[in-house]
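Undergrad: The following file, final-v4.pdb, comprises PDB, C-alpha atoms and all ligand atoms:
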```
ATOM      1  CA  MET A   1      52.100 -63.806 -87.850
ATOM      2  CA  PHE A   2      49.886 -62.348 -85.143
ATOM      3  CA  GLU A   3      51.121 -59.499 -82.978
ATOM      4  CA  ILE A   4      50.723 -59.688 -79.209
ATOM      5  CA  LEU A   5      49.383 -56.394 -77.852
ATOM      6  CA  LEU A   6      49.176 -57.419 -74.195
ATOM      7  CA  ASN A   7      50.168 -60.419 -72.087
ATOM      8  CA  GLU A   8      49.395 -59.921 -68.408
ATOM      9  CA  LYS A   9      48.933 -62.123 -65.375
ATOM     10  CA  LEU A  10      45.440 -62.231 -63.869
ATOM     11  CA  ASN A  11      46.574 -64.493 -61.039
ATOM     12  CA  PRO A  12      49.619 -66.744 -60.459
ATOM     13  CA  THR A  13      48.386 -69.361 -62.952
ATOM     14  CA  VAL A  14      46.119 -67.512 -65.377
ATOM     15  CA  SER A  15      47.074 -64.856 -67.948
ATOM     16  CA  ARG A  16      45.231 -62.658 -70.406
ATOM     17  CA  MET A  17      46.593 -62.021 -73.908
ATOM     18  CA  VAL A  18      45.304 -59.575 -76.504
ATOM     19  CA  VAL A  19      46.245 -60.461 -80.083
ATOM     20  CA  GLN A  20      45.896 -58.480 -83.309
ATOM     21  CA  ALA A  21      43.764 -60.817 -85.418
ATOM     22  CA  PRO A  22      41.251 -58.769 -87.437
ATOM     23  CA  LEU A  23      39.779 -61.658 -89.430
ATOM     24  CA  VAL A  24      39.012 -63.615 -86.260
ATOM     25  CA  ALA A  25      37.688 -60.496 -84.488
ATOM     26  CA  ALA A  26      35.358 -59.762 -87.406
ATOM     27  CA  LYS A  27      33.487 -63.064 -87.078
ATOM     28  CA  ALA A  28      33.928 -64.321 -83.504
ATOM     29  CA  GLU A  29      30.869 -65.025 -81.345
ATOM     30  CA  PRO A  30      30.626 -66.121 -77.679
ATOM     31  CA  GLY A  31      31.370 -69.821 -77.259
ATOM     32  CA  GLN A  32      33.794 -70.011 -80.183
ATOM     33  CA  PHE A  33      37.495 -70.716 -79.937
ATOM     34  CA  ILE A  34      40.758 -70.313 -81.801
ATOM     35  CA  ILE A  35      43.648 -72.723 -82.316
ATOM     36  CA  LEU A  36      47.076 -71.194 -81.941
ATOM     37  CA  ARG A  37      50.700 -72.177 -82.293
ATOM     38  CA  VAL A  38      53.229 -70.167 -80.335
ATOM     39  CA  ASP A  39      55.948 -70.738 -82.953
ATOM     40  CA  ASP A  40      56.573 -72.794 -86.084
ATOM     41  CA  GLU A  41      57.543 -75.870 -84.108
ATOM     42  CA  GLY A  42      54.836 -75.542 -81.482
ATOM     43  CA  GLU A  43      51.833 -77.791 -80.927
ATOM     44  CA  ARG A  44      48.349 -76.569 -81.713
ATOM     45  CA  ILE A  45      46.190 -75.687 -78.705
ATOM     46  CA  PRO A  46      42.582 -74.474 -78.585
ATOM     47  CA  LEU A  47      41.620 -71.475 -76.444
ATOM     48  CA  THR A  48      38.260 -69.758 -76.177
ATOM     49  CA  VAL A  49      37.698 -66.249 -77.482
ATOM     50  CA  ALA A  50      37.182 -64.413 -74.177
ATOM     51  CA  GLU A  51      36.532 -61.042 -75.829
ATOM     52  CA  TYR A  52      36.830 -59.435 -79.232
ATOM     53  CA  ASP A  53      36.862 -55.896 -80.535
ATOM     54  CA  ARG A  54      35.698 -55.833 -84.133
ATOM     55  CA  GLU A  55      36.787 -52.208 -84.681
ATOM     56  CA  ALA A  56      40.262 -52.608 -83.249
ATOM     57  CA  GLY A  57      40.609 -56.055 -84.841
ATOM     58  CA  THR A  58      41.725 -57.619 -81.562
ATOM     59  CA  VAL A  59      40.918 -60.888 -79.821
ATOM     60  CA  THR A  60      41.458 -61.615 -76.121
ATOM     61  CA  ILE A  61      42.278 -65.066 -74.806
ATOM     62  CA  ILE A  62      42.532 -66.038 -71.136
ATOM     63  CA  TYR A  63      44.650 -69.082 -70.465
ATOM     64  CA  GLN A  64      45.737 -71.177 -67.538
ATOM     65  CA  LEU A  65      49.377 -72.248 -67.348
ATOM     66  CA  VAL A  66      48.991 -76.003 -67.218
ATOM     67  CA  GLY A  67      51.702 -77.396 -69.468
ATOM     68  CA  GLY A  68      54.328 -76.944 -72.177
ATOM     69  CA  THR A  69      52.492 -74.686 -74.615
ATOM     70  CA  THR A  70      50.708 -72.451 -72.138
ATOM     71  CA  ILE A  71      53.990 -71.932 -70.248
ATOM     72  CA  ARG A  72      55.632 -70.886 -73.552
ATOM     73  CA  LEU A  73      52.694 -68.592 -74.270
ATOM     74  CA  ALA A  74      53.168 -66.864 -70.918
ATOM     75  CA  GLN A  75      56.808 -66.134 -71.821
ATOM     76  CA  LYS A  76      55.809 -64.066 -74.847
ATOM     77  CA  ALA A  77      56.011 -60.308 -74.474
ATOM     78  CA  LYS A  78      54.045 -57.425 -75.953
ATOM     79  CA  GLY A  79      55.300 -56.753 -79.495
ATOM     80  CA  GLU A  80      56.225 -60.387 -80.166
ATOM     81  CA  TYR A  81      54.259 -62.585 -82.532
ATOM     82  CA  LEU A  82      52.359 -65.891 -82.532
ATOM     83  CA  ALA A  83      52.914 -68.179 -85.527
ATOM     84  CA  ASP A  84      49.239 -69.168 -85.950
ATOM     85  CA  PHE A  85      45.936 -67.933 -84.614
ATOM     86  CA  ALA A  86      43.182 -69.717 -86.541
ATOM     87  CA  GLY A  87      39.468 -69.198 -86.026
ATOM     88  CA  PRO A  88      36.824 -68.556 -85.057
ATOM     89  CA  LEU A  89      36.094 -72.285 -84.700
ATOM     90  CA  GLY A  90      33.180 -74.203 -83.220
ATOM     91  CA  THR A  91      29.494 -73.407 -83.015
ATOM     92  CA  PRO A  92      28.599 -70.211 -81.112
ATOM     93  CA  SER A  93      26.725 -70.617 -77.827
ATOM     94  CA  HIS A  94      22.956 -70.525 -78.228
ATOM     95  CA  THR A  95      21.654 -67.476 -76.370
ATOM     96  CA  ALA A  96      18.740 -66.188 -78.476
ATOM     97  CA  GLY A  97      15.362 -66.016 -76.758
ATOM     98  CA  LEU A  98      16.616 -66.862 -73.270
ATOM     99  CA  LYS A  99      15.009 -64.688 -70.585
ATOM    100  CA  LYS A 100      16.591 -65.905 -67.359
ATOM    101  CA  VAL A 101      19.743 -67.960 -67.107
ATOM    102  CA  ALA A 102      22.102 -69.158 -64.387
ATOM    103  CA  VAL A 103      25.687 -69.055 -65.651
ATOM    104  CA  VAL A 104      27.993 -71.241 -63.584
ATOM    105  CA  GLY A 105      31.767 -70.829 -64.017
ATOM    106  CA  GLY A 106      34.488 -72.793 -62.270
ATOM    107  CA  GLY A 107      38.136 -71.675 -62.226
ATOM    108  CA  VAL A 108      39.475 -70.810 -65.667
ATOM    109  CA  GLY A 109      36.080 -71.949 -67.008
ATOM    110  CA  CYS A 110      34.966 -68.441 -65.952
ATOM    111  CA  ALA A 111      36.966 -67.125 -68.924
ATOM    112  CA  ILE A 112      34.787 -69.220 -71.229
ATOM    113  CA  ALA A 113      31.562 -68.432 -69.337
ATOM    114  CA  TYR A 114      32.112 -64.666 -69.223
ATOM    115  CA  PRO A 115      31.508 -63.850 -72.935
ATOM    116  CA  VAL A 116      28.303 -65.916 -72.799
ATOM    117  CA  ALA A 117      27.087 -64.075 -69.662
ATOM    118  CA  LYS A 118      27.957 -60.772 -71.340
ATOM    119  CA  ARG A 119      26.039 -61.620 -74.506
ATOM    120  CA  LEU A 120      22.982 -62.731 -72.478
ATOM    121  CA  HIS A 121      23.110 -59.468 -70.495
ATOM    122  CA  GLU A 122      23.349 -57.416 -73.716
ATOM    123  CA  GLN A 123      20.263 -59.237 -74.993
ATOM    124  CA  GLY A 124      18.282 -58.174 -71.909
ATOM    125  CA  CYS A 125      18.292 -61.613 -70.279
ATOM    126  CA  THR A 126      18.354 -61.807 -66.469
ATOM    127  CA  VAL A 127      21.708 -63.336 -65.586
ATOM    128  CA  HIS A 128      22.471 -65.028 -62.280
ATOM    129  CA  SER A 129      26.179 -65.830 -62.248
ATOM    130  CA  ILE A 130      27.782 -68.297 -59.888
ATOM    131  CA  ILE A 131      31.556 -68.211 -59.992
ATOM    132  CA  GLY A 132      33.794 -70.493 -57.975
ATOM    133  CA  PHE A 133      37.530 -70.824 -57.357
ATOM    134  CA  ARG A 134      39.696 -73.039 -55.184
ATOM    135  CA  CYS A 135      40.941 -70.016 -53.182
ATOM    136  CA  LYS A 136      41.208 -66.208 -53.172
ATOM    137  CA  ASP A 137      44.511 -66.162 -55.093
ATOM    138  CA  LEU A 138      42.913 -67.847 -58.117
ATOM    139  CA  VAL A 139      39.994 -65.448 -58.575
ATOM    140  CA  ILE A 140      39.637 -63.946 -62.061
ATOM    141  CA  LEU A 141      37.075 -61.702 -63.797
ATOM    142  CA  GLU A 142      35.183 -60.724 -60.626
ATOM    143  CA  ARG A 143      34.516 -57.162 -61.815
ATOM    144  CA  GLU A 144      33.564 -58.388 -65.279
ATOM    145  CA  PHE A 145      30.921 -60.778 -63.904
ATOM    146  CA  ASP A 146      29.603 -58.070 -61.542
ATOM    147  CA  ALA A 147      29.081 -55.815 -64.569
ATOM    148  CA  VAL A 148      26.993 -58.268 -66.615
ATOM    149  CA  SER A 149      25.001 -60.083 -63.910
ATOM    150  CA  ASP A 150      21.825 -59.297 -61.979
ATOM    151  CA  VAL A 151      22.971 -61.554 -59.156
ATOM    152  CA  VAL A 152      26.498 -62.901 -58.561
ATOM    153  CA  LYS A 153      27.199 -65.712 -56.111
ATOM    154  CA  LYS A 154      30.906 -65.988 -55.321
ATOM    155  CA  MET A 155      32.258 -69.216 -53.907
ATOM    156  CA  SER A 156      35.649 -70.517 -52.836
ATOM    157  CA  ASP A 157      36.440 -74.100 -51.873
ATOM    158  CA  ASP A 158      38.461 -73.066 -48.819
ATOM    159  CA  GLY A 159      36.452 -70.011 -47.729
ATOM    160  CA  THR A 160      39.309 -67.523 -48.332
ATOM    161  CA  TRP A 161      37.118 -65.529 -50.748
ATOM    162  CA  SER A 162      33.446 -64.718 -50.291
ATOM    163  CA  ALA A 163      31.310 -67.746 -49.348
ATOM    164  CA  LYS A 164      32.844 -71.139 -48.579
ATOM    165  CA  GLY A 165      31.537 -73.991 -50.698
ATOM    166  CA  LEU A 166      31.105 -75.309 -54.206
ATOM    167  CA  VAL A 167      29.241 -73.682 -57.086
ATOM    168  CA  THR A 168      26.678 -76.479 -56.850
ATOM    169  CA  ASP A 169      25.876 -75.383 -53.254
ATOM    170  CA  ALA A 170      25.068 -71.851 -54.454
ATOM    171  CA  LEU A 171      23.047 -73.083 -57.429
ATOM    172  CA  LYS A 172      21.038 -75.431 -55.209
ATOM    173  CA  GLN A 173      20.301 -72.588 -52.781
ATOM    174  CA  LEU A 174      19.086 -70.330 -55.589
ATOM    175  CA  ILE A 175      16.818 -73.017 -57.036
ATOM    176  CA  GLU A 176      15.476 -74.031 -53.631
ATOM    177  CA  SER A 177      14.778 -70.374 -52.794
ATOM    178  CA  GLY A 178      12.345 -70.343 -55.708
ATOM    179  CA  GLU A 179      14.444 -69.016 -58.605
ATOM    180  CA  THR A 180      13.523 -70.547 -61.931
ATOM    181  CA  TYR A 181      15.703 -70.577 -65.026
ATOM    182  CA  ASP A 182      15.143 -71.169 -68.742
ATOM    183  CA  GLU A 183      18.548 -72.744 -68.742
ATOM    184  CA  VAL A 184      21.685 -73.282 -66.707
ATOM    185  CA  ILE A 185      25.002 -72.839 -68.539
ATOM    186  CA  ALA A 186      27.888 -74.543 -66.727
ATOM    187  CA  ILE A 187      31.523 -74.208 -67.747
ATOM    188  CA  GLY A 188      34.476 -75.484 -65.771
ATOM    189  CA  PRO A 189      36.266 -78.714 -64.873
ATOM    190  CA  LEU A 190      34.531 -81.873 -66.127
ATOM    191  CA  ILE A 191      33.794 -82.986 -62.599
ATOM    192  CA  MET A 192      32.102 -79.664 -61.809
ATOM    193  CA  MET A 193      29.953 -79.796 -64.945
ATOM    194  CA  LYS A 194      29.004 -83.404 -64.195
ATOM    195  CA  PHE A 195      27.741 -82.466 -60.715
ATOM    196  CA  VAL A 196      25.931 -79.335 -61.915
ATOM    197  CA  CYS A 197      24.119 -81.586 -64.414
ATOM    198  CA  LYS A 198      23.237 -84.126 -61.727
ATOM    199  CA  LEU A 199      21.722 -81.322 -59.664
ATOM    200  CA  THR A 200      19.767 -79.642 -62.464
ATOM    201  CA  ALA A 201      18.456 -83.020 -63.679
ATOM    202  CA  GLN A 202      16.689 -83.359 -60.307
ATOM    203  CA  PHE A 203      14.902 -80.055 -60.949
ATOM    204  CA  GLY A 204      14.331 -80.630 -64.677
ATOM    205  CA  ILE A 205      16.307 -77.540 -65.778
ATOM    206  CA  LYS A 206      17.934 -77.718 -69.208
ATOM    207  CA  THR A 207      21.692 -77.424 -68.795
ATOM    208  CA  MET A 208      24.306 -76.641 -71.416
ATOM    209  CA  VAL A 209      27.969 -77.414 -70.810
ATOM    210  CA  SER A 210      31.102 -76.485 -72.758
ATOM    211  CA  MET A 211      33.258 -79.521 -73.470
ATOM    212  CA  ASN A 212      37.032 -79.151 -73.845
ATOM    213  CA  PRO A 213      38.426 -82.485 -75.029
ATOM    214  CA  ILE A 214      41.867 -82.816 -76.636
ATOM    215  CA  MET A 215      41.671 -81.230 -80.094
ATOM    216  CA  ILE A 216      44.054 -81.382 -83.012
ATOM    217  CA  ASP A 217      42.649 -79.961 -86.238
ATOM    218  CA  GLY A 218      39.525 -78.296 -84.809
ATOM    219  CA  THR A 219      37.626 -78.815 -88.053
ATOM    220  CA  GLY A 220      35.999 -82.234 -87.660
ATOM    221  CA  MET A 221      38.652 -84.170 -89.611
ATOM    222  CA  CYS A 222      40.791 -86.043 -87.067
ATOM    223  CA  GLY A 223      38.129 -87.395 -84.694
ATOM    224  CA  CYS A 224      40.319 -86.653 -81.696
ATOM    225  CA  CYS A 225      37.706 -84.574 -79.873
ATOM    226  CA  ARG A 226      34.926 -87.141 -80.045
ATOM    227  CA  LEU A 227      32.444 -87.444 -77.203
ATOM    228  CA  SER A 228      29.382 -89.552 -76.529
ATOM    229  CA  VAL A 229      26.289 -87.372 -76.287
ATOM    230  CA  GLY A 230      22.924 -89.077 -75.934
ATOM    231  CA  GLY A 231      24.485 -92.328 -77.163
ATOM    232  CA  GLU A 232      25.763 -90.695 -80.375
ATOM    233  CA  THR A 233      29.324 -89.764 -81.275
ATOM    234  CA  LYS A 234      29.820 -86.011 -81.576
ATOM    235  CA  PHE A 235      32.871 -83.935 -82.439
ATOM    236  CA  ALA A 236      33.295 -81.124 -79.910
ATOM    237  CA  CYS A 237      35.113 -78.906 -82.410
ATOM    238  CA  VAL A 238      32.290 -78.692 -84.925
ATOM    239  CA  ASP A 239      29.148 -80.019 -83.177
ATOM    240  CA  GLY A 240      30.102 -78.125 -79.968
ATOM    241  CA  PRO A 241      31.859 -77.207 -77.798
ATOM    242  CA  ASP A 242      28.416 -76.648 -76.152
ATOM    243  CA  PHE A 243      26.219 -79.698 -75.540
ATOM    244  CA  ASP A 244      23.161 -80.660 -73.540
ATOM    245  CA  GLY A 245      24.867 -81.657 -70.304
ATOM    246  CA  HIS A 246      22.206 -84.179 -69.374
ATOM    247  CA  LEU A 247      23.182 -86.238 -72.435
ATOM    248  CA  VAL A 248      26.986 -86.055 -72.115
ATOM    249  CA  ASP A 249      28.924 -89.151 -71.009
ATOM    250  CA  PHE A 250      31.240 -87.333 -68.572
ATOM    251  CA  ASP A 251      33.011 -90.464 -67.325
ATOM    252  CA  GLU A 252      34.154 -91.361 -70.834
ATOM    253  CA  ALA A 253      35.233 -87.740 -71.463
ATOM    254  CA  MET A 254      37.329 -87.782 -68.277
ATOM    255  CA  GLN A 255      39.038 -91.004 -69.334
ATOM    256  CA  ARG A 256      39.872 -89.639 -72.785
ATOM    257  CA  CYS A 257      41.278 -86.411 -71.306
ATOM    258  CA  ALA A 258      43.826 -88.398 -69.305
ATOM    259  CA  MET A 259      45.178 -90.242 -72.396
ATOM    260  CA  TYR A 260      48.276 -88.081 -72.957
ATOM    261  CA  ARG A 261      49.144 -87.385 -69.319
ATOM    262  CA  GLU A 262      52.635 -88.913 -69.493
ATOM    263  CA  PHE A 263      53.618 -87.055 -72.656
ATOM    264  CA  GLU A 264      52.178 -83.786 -71.275
ATOM    265  CA  ALA A 265      54.188 -84.148 -68.055
ATOM    266  CA  HIS A 266      57.365 -84.518 -70.131
ATOM    267  CA  GLU A 267      56.559 -81.394 -72.213
ATOM    268  CA  ARG A 268      55.710 -79.410 -69.071
ATOM    269  CA  GLU A 269      59.087 -80.303 -67.608
ATOM    270  CA  ARG A 270      60.852 -79.282 -70.830
ATOM    271  CA  ALA A 271      59.057 -75.907 -70.920
ATOM    272  CA  CYS A 272      59.757 -75.276 -67.230
ATOM    273  CA  ASN A 273      63.468 -76.003 -67.743
ATOM    274  CA  LEU A 274      63.572 -73.679 -70.736
ATOM    275  CA  PHE A 275      61.762 -70.995 -68.758
ATOM    276  CA  THR A 276      64.121 -71.292 -65.793
ATOM    277  CA  LYS A 277      67.168 -71.041 -68.091
ATOM    278  CA  GLU A 278      65.760 -67.965 -69.840
ATOM    279  CA  VAL A 279      64.926 -66.250 -66.577
ATOM    280  CA  ILE A 280      68.474 -66.892 -65.299
TER     281      ILE A 280
HETATM  282  C1  LIG B 301      37.415 -75.719 -77.255
HETATM  283  C2  LIG B 301      38.412 -75.526 -76.149
HETATM  284  C3  LIG B 301      38.512 -74.285 -75.534
HETATM  285  C4  LIG B 301      39.428 -74.089 -74.510
HETATM  286  N1  LIG B 301      39.494 -72.849 -73.944
HETATM  287  C5  LIG B 301      40.383 -72.625 -72.956
HETATM  288  C6  LIG B 301      40.519 -71.311 -72.382
HETATM  289  O1  LIG B 301      39.824 -70.365 -72.764
HETATM  290  N2  LIG B 301      41.429 -71.150 -71.404
HETATM  291  C7  LIG B 301      42.227 -72.176 -70.955
HETATM  292  O2  LIG B 301      43.033 -71.959 -70.057
HETATM  293  N3  LIG B 301      42.131 -73.411 -71.490
HETATM  294  C8  LIG B 301      41.243 -73.652 -72.491
HETATM  295  N4  LIG B 301      41.179 -74.906 -73.071
HETATM  296  C9  LIG B 301      42.140 -75.929 -72.619
HETATM  297  C10 LIG B 301      43.491 -75.665 -73.297
HETATM  298  O3  LIG B 301      43.394 -75.980 -74.664
HETATM  299  C11 LIG B 301      44.582 -76.538 -72.646
HETATM  300  O4  LIG B 301      44.762 -76.088 -71.322
HETATM  301  C12 LIG B 301      45.900 -76.420 -73.390
HETATM  302  O5  LIG B 301      45.804 -77.098 -74.600
HETATM  303  C13 LIG B 301      47.020 -76.990 -72.543
HETATM  304  O6  LIG B 301      48.179 -77.150 -73.320
HETATM  305  P1  LIG B 301      49.599 -77.261 -72.627
HETATM  306  O7  LIG B 301      50.567 -77.741 -73.640
HETATM  307  O8  LIG B 301      49.937 -76.001 -71.917
HETATM  308  O9  LIG B 301      49.371 -78.333 -71.499
HETATM  309  P2  LIG B 301      49.498 -79.909 -71.575
HETATM  310  O10 LIG B 301      50.394 -80.358 -70.501
HETATM  311  O11 LIG B 301      49.748 -80.342 -72.981
HETATM  312  O12 LIG B 301      48.026 -80.328 -71.212
HETATM  313  C14 LIG B 301      47.404 -80.057 -69.953
HETATM  314  C15 LIG B 301      45.926 -80.391 -70.110
HETATM  315  O13 LIG B 301      45.367 -79.537 -71.130
HETATM  316  C16 LIG B 301      44.490 -80.262 -71.997
HETATM  317  N5  LIG B 301      45.006 -80.237 -73.384
HETATM  318  C17 LIG B 301      46.269 -80.448 -73.807
HETATM  319  N6  LIG B 301      46.374 -80.333 -75.143
HETATM  320  C18 LIG B 301      45.140 -80.078 -75.599
HETATM  321  C19 LIG B 301      44.595 -79.885 -76.888
HETATM  322  N7  LIG B 301      45.300 -79.928 -78.005
HETATM  323  N8  LIG B 301      43.268 -79.672 -76.949
HETATM  324  C20 LIG B 301      42.520 -79.577 -75.832
HETATM  325  N9  LIG B 301      42.981 -79.747 -74.600
HETATM  326  C21 LIG B 301      44.270 -79.993 -74.479
HETATM  327  C22 LIG B 301      44.425 -81.645 -71.439
HETATM  328  O14 LIG B 301      43.300 -81.745 -70.598
HETATM  329  C23 LIG B 301      45.667 -81.803 -70.621
HETATM  330  O15 LIG B 301      45.559 -82.705 -69.601
HETATM  331  C24 LIG B 301      40.275 -75.144 -74.088
HETATM  332  C25 LIG B 301      40.176 -76.404 -74.707
HETATM  333  C26 LIG B 301      39.261 -76.597 -75.715
HETATM  334  C27 LIG B 301      39.135 -77.922 -76.388
HETATM  335  S1  LIG B 302      39.669 -81.742 -83.227
HETATM  336 FE1  LIG B 302      39.755 -83.101 -84.905
HETATM  337  S2  LIG B 302      37.712 -83.693 -85.182
HETATM  338 FE2  LIG B 302      37.611 -82.236 -83.601
END
```
Just dump the structure as structure tokens.
TA:
Amino acid sequence: MFEILLNEKLNPTVSRMVVQAPLVAAKAEPGQFIILRVDDEGERIPLTVAEYDREAGTVTIIYQLVGGTTIRLAQKAKGEYLADFAGPLGTPSHTAGLKKVAVVGGGVGCAIAYPVAKRLHEQGCTVHSIIGFRCKDLVILEREFDAVSDVVKKMSDDGTWSAKGLVTDALKQLIESGETYDEVIAIGPLIMMKFVCKLTAQFGIKTMVSMNPIMIDGTGMCGCCRLSVGGETKFACVDGPDFDGHLVDFDEAMQRCAMYREFEAHERERACNLFTKEVI
């Protein structure tokens, strides 16, 4: 059992949880994830390690409330326990040797991008961060990105926060103004990563993306998280989650992500009903 030390809202749909998990904290690296179960009957869901404190033995996860399990997770209070918290899983993000990188985060993808930006900054790399949200109310980790970036471009789709526009608009402006990058790292919705890759392909800039397909075991056994990358089948849980974005078949990944939509809608409804009853 894994004790919850903090569970707080960052915005109406995203929460941050700190969990006592010393074995995970001891080994976690940016880009890796855990698989948790809220209780013994819960489903397994993967969430990225947003931060870790090796001394305190704690791991932070940042999660968006999108369905049954994440809604149940948000109902947990400080002092309660999670049934499982397995990890760290996946291959850490490659950051060694990079001198100047544009880190692009979209929505809750910023929670996955932040530890990578932080690690690059700690290594002395110049970090240009571009973070984008649909609107002001959904902004997360603004201060954190400010602290680890040399330049931060802040974008909102509707113009209610900072500059109006998409993250690709800001990235294009930076590149066209003469900025050059060893690499672009893009993490967010599939559609965002697809369009970042289309843009960077035009300029010949290597681009890594973090793929989040449906996962079950997280250890390369079930094949559920398979993706086509450069015409080969890869398992995101062990070969990734980071891949060369110019080789990823995003259209296939989007189709696979939608496979369980009906079942997920049912579970979301069940969790919402449970939540409403408990609140009453
Ligand atoms: C490696 C990895 C890292 C991730 N890191 C984060 C993170 O840091 N923060 C965050 O908010 N989300 C993250 N996700 C997505 C997160 O796992 C899903 O939002 C979560 O599983 C939703 O579960 P649910 O029951 O609440 O929603 P559901 O209604 O079950 O699903 C909503 C959507 O979540 C995705 N999803 C559902 N089940 C899984 C599963 N077992 N594996 C992967 N995706 C699933 C699907 O796209 C689905 O359409 C990550 C996913 C992966 C694969
Ligand atoms: S989640 Fe089963 S192989 Fe990746």
Undergrad: Please report the interatomic distance between CA of Thr219 in chain A and CA of Ile45 in chain A in Å with one decimal.
TA: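 Atom-to-atom, CA of Thr219 in chain A to CA of Ile45 in chain A, that is 13.1 Å.
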Undergrad: Can you tell me how far CA of Ala102 in chain A sits from CA of Thr168 in chain A, in Å to one decimal?
TA: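 Those two atoms sit 11.5 Å apart.
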Undergrad: Pull the closest atom pair for each residue of chain A that gets at most 7 Å from ligand LIG 301 (chain B), along with the distance in Å to one decimal, counting only C-alpha atoms and all ligand atoms, ordering rows by chain and then ascending residue number, as JSON lines.
TA:
```
{"residue": "A:Phe33", "atom": "CA", "partner": "B:LIG301", "partner_atom": "C1", "distance": 5.7}
{"residue": "A:Arg44", "atom": "CA", "partner": "B:LIG301", "partner_atom": "N7", "distance": 5.9}
{"residue": "A:Ile45", "atom": "CA", "partner": "B:LIG301", "partner_atom": "O5", "distance": 4.4}
{"residue": "A:Pro46", "atom": "CA", "partner": "B:LIG301", "partner_atom": "O3", "distance": 4.3}
{"residue": "A:Leu47", "atom": "CA", "partner": "B:LIG301", "partner_atom": "N1", "distance": 3.6}
{"residue": "A:Thr48", "atom": "CA", "partner": "B:LIG301", "partner_atom": "O1", "distance": 3.8}
{"residue": "A:Val49", "atom": "CA", "partner": "B:LIG301", "partner_atom": "O1", "distance": 6.6}
{"residue": "A:Ala50", "atom": "CA", "partner": "B:LIG301", "partner_atom": "O1", "distance": 6.7}
{"residue": "A:Ile61", "atom": "CA", "partner": "B:LIG301", "partner_atom": "O1", "distance": 6.2}
{"residue": "A:Ile62", "atom": "CA", "partner": "B:LIG301", "partner_atom": "N2", "distance": 5.2}
{"residue": "A:Tyr63", "atom": "CA", "partner": "B:LIG301", "partner_atom": "O2", "distance": 3.3}
{"residue": "A:Gln64", "atom": "CA", "partner": "B:LIG301", "partner_atom": "O2", "distance": 3.8}
{"residue": "A:Leu65", "atom": "CA", "partner": "B:LIG301", "partner_atom": "O8", "distance": 5.9}
{"residue": "A:Val66", "atom": "CA", "partner": "B:LIG301", "partner_atom": "O8", "distance": 4.8}
{"residue": "A:Gly67", "atom": "CA", "partner": "B:LIG301", "partner_atom": "O9", "distance": 3.2}
{"residue": "A:Gly68", "atom": "CA", "partner": "B:LIG301", "partner_atom": "O7", "distance": 4.1}
{"residue": "A:Thr69", "atom": "CA", "partner": "B:LIG301", "partner_atom": "O7", "distance": 3.7}
{"residue": "A:Thr70", "atom": "CA", "partner": "B:LIG301", "partner_atom": "O8", "distance": 3.6}
{"residue": "A:Ile71", "atom": "CA", "partner": "B:LIG301", "partner_atom": "O8", "distance": 6.0}
{"residue": "A:Val108", "atom": "CA", "partner": "B:LIG301", "partner_atom": "O2", "distance": 5.8}
{"residue": "A:Gly109", "atom": "CA", "partner": "B:LIG301", "partner_atom": "N2", "distance": 7.0}
{"residue": "A:Ala111", "atom": "CA", "partner": "B:LIG301", "partner_atom": "O1", "distance": 5.8}
{"residue": "A:Ile112", "atom": "CA", "partner": "B:LIG301", "partner_atom": "O1", "distance": 5.4}
{"residue": "A:Met211", "atom": "CA", "partner": "B:LIG301", "partner_atom": "C27", "distance": 6.8}
{"residue": "A:Asn212", "atom": "CA", "partner": "B:LIG301", "partner_atom": "C27", "distance": 3.5}
{"residue": "A:Pro213", "atom": "CA", "partner": "B:LIG301", "partner_atom": "C27", "distance": 4.8}
{"residue": "A:Ile214", "atom": "CA", "partner": "B:LIG301", "partner_atom": "C20", "distance": 3.4}
{"residue": "A:Met215", "atom": "CA", "partner": "B:LIG301", "partner_atom": "N8", "distance": 3.9}
{"residue": "A:Ile216", "atom": "CA", "partner": "B:LIG301", "partner_atom": "N7", "distance": 5.4}
{"residue": "A:Cys237", "atom": "CA", "partner": "B:LIG301", "partner_atom": "C1", "distance": 6.5}
{"residue": "A:Pro241", "atom": "CA", "partner": "B:LIG301", "partner_atom": "C1", "distance": 5.8}
{"residue": "A:Cys257", "atom": "CA", "partner": "B:LIG301", "partner_atom": "O14", "distance": 5.1}
{"residue": "A:Ala258", "atom": "CA", "partner": "B:LIG301", "partner_atom": "O15", "distance": 6.0}
{"residue": "A:Tyr260", "atom": "CA", "partner": "B:LIG301", "partner_atom": "O15", "distance": 6.9}
{"residue": "A:Arg261", "atom": "CA", "partner": "B:LIG301", "partner_atom": "O15", "distance": 5.9}
{"residue": "A:Glu264", "atom": "CA", "partner": "B:LIG301", "partner_atom": "O10", "distance": 3.9}
{"residue": "A:Ala265", "atom": "CA", "partner": "B:LIG301", "partner_atom": "O10", "distance": 5.9}
{"residue": "A:Glu267", "atom": "CA", "partner": "B:LIG301", "partner_atom": "O10", "distance": 6.5}
{"residue": "A:Arg268", "atom": "CA", "partner": "B:LIG301", "partner_atom": "O10", "distance": 5.6}
```
Undergrad: CA of Gly106 in chain A and CA of Phe133 in chain A, how far apart in Å?
TA: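 So the answer is 6.1 Å.
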Undergrad: Which residues are near Ile187 in chain A? Cut-off 10 Å, only C-alpha atoms, ignore same chain within fewer than 2 positions. Put them as a PyMOL selection string.
TA: chain A and resi 103-114+131+184-185+189-190+192-193+196+208-212+242
Undergrad: Tell me which residues the PyMOL selection byres (((not hetatm)) within 8 of (chain B and resi 302)) grabs here, as a list in words.
TA: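 Going through the file, the PyMOL selection byres (((not hetatm)) within 8 of (chain B and resi 302)) ends up selecting Ile214, Met215, Ile216, Asp217, Gly218, Thr219, Gly220, Met221, Cys222, Gly223, Cys224, Cys225, Arg226, Phe235, Ala236, Cys237 and Val238 of chain A.
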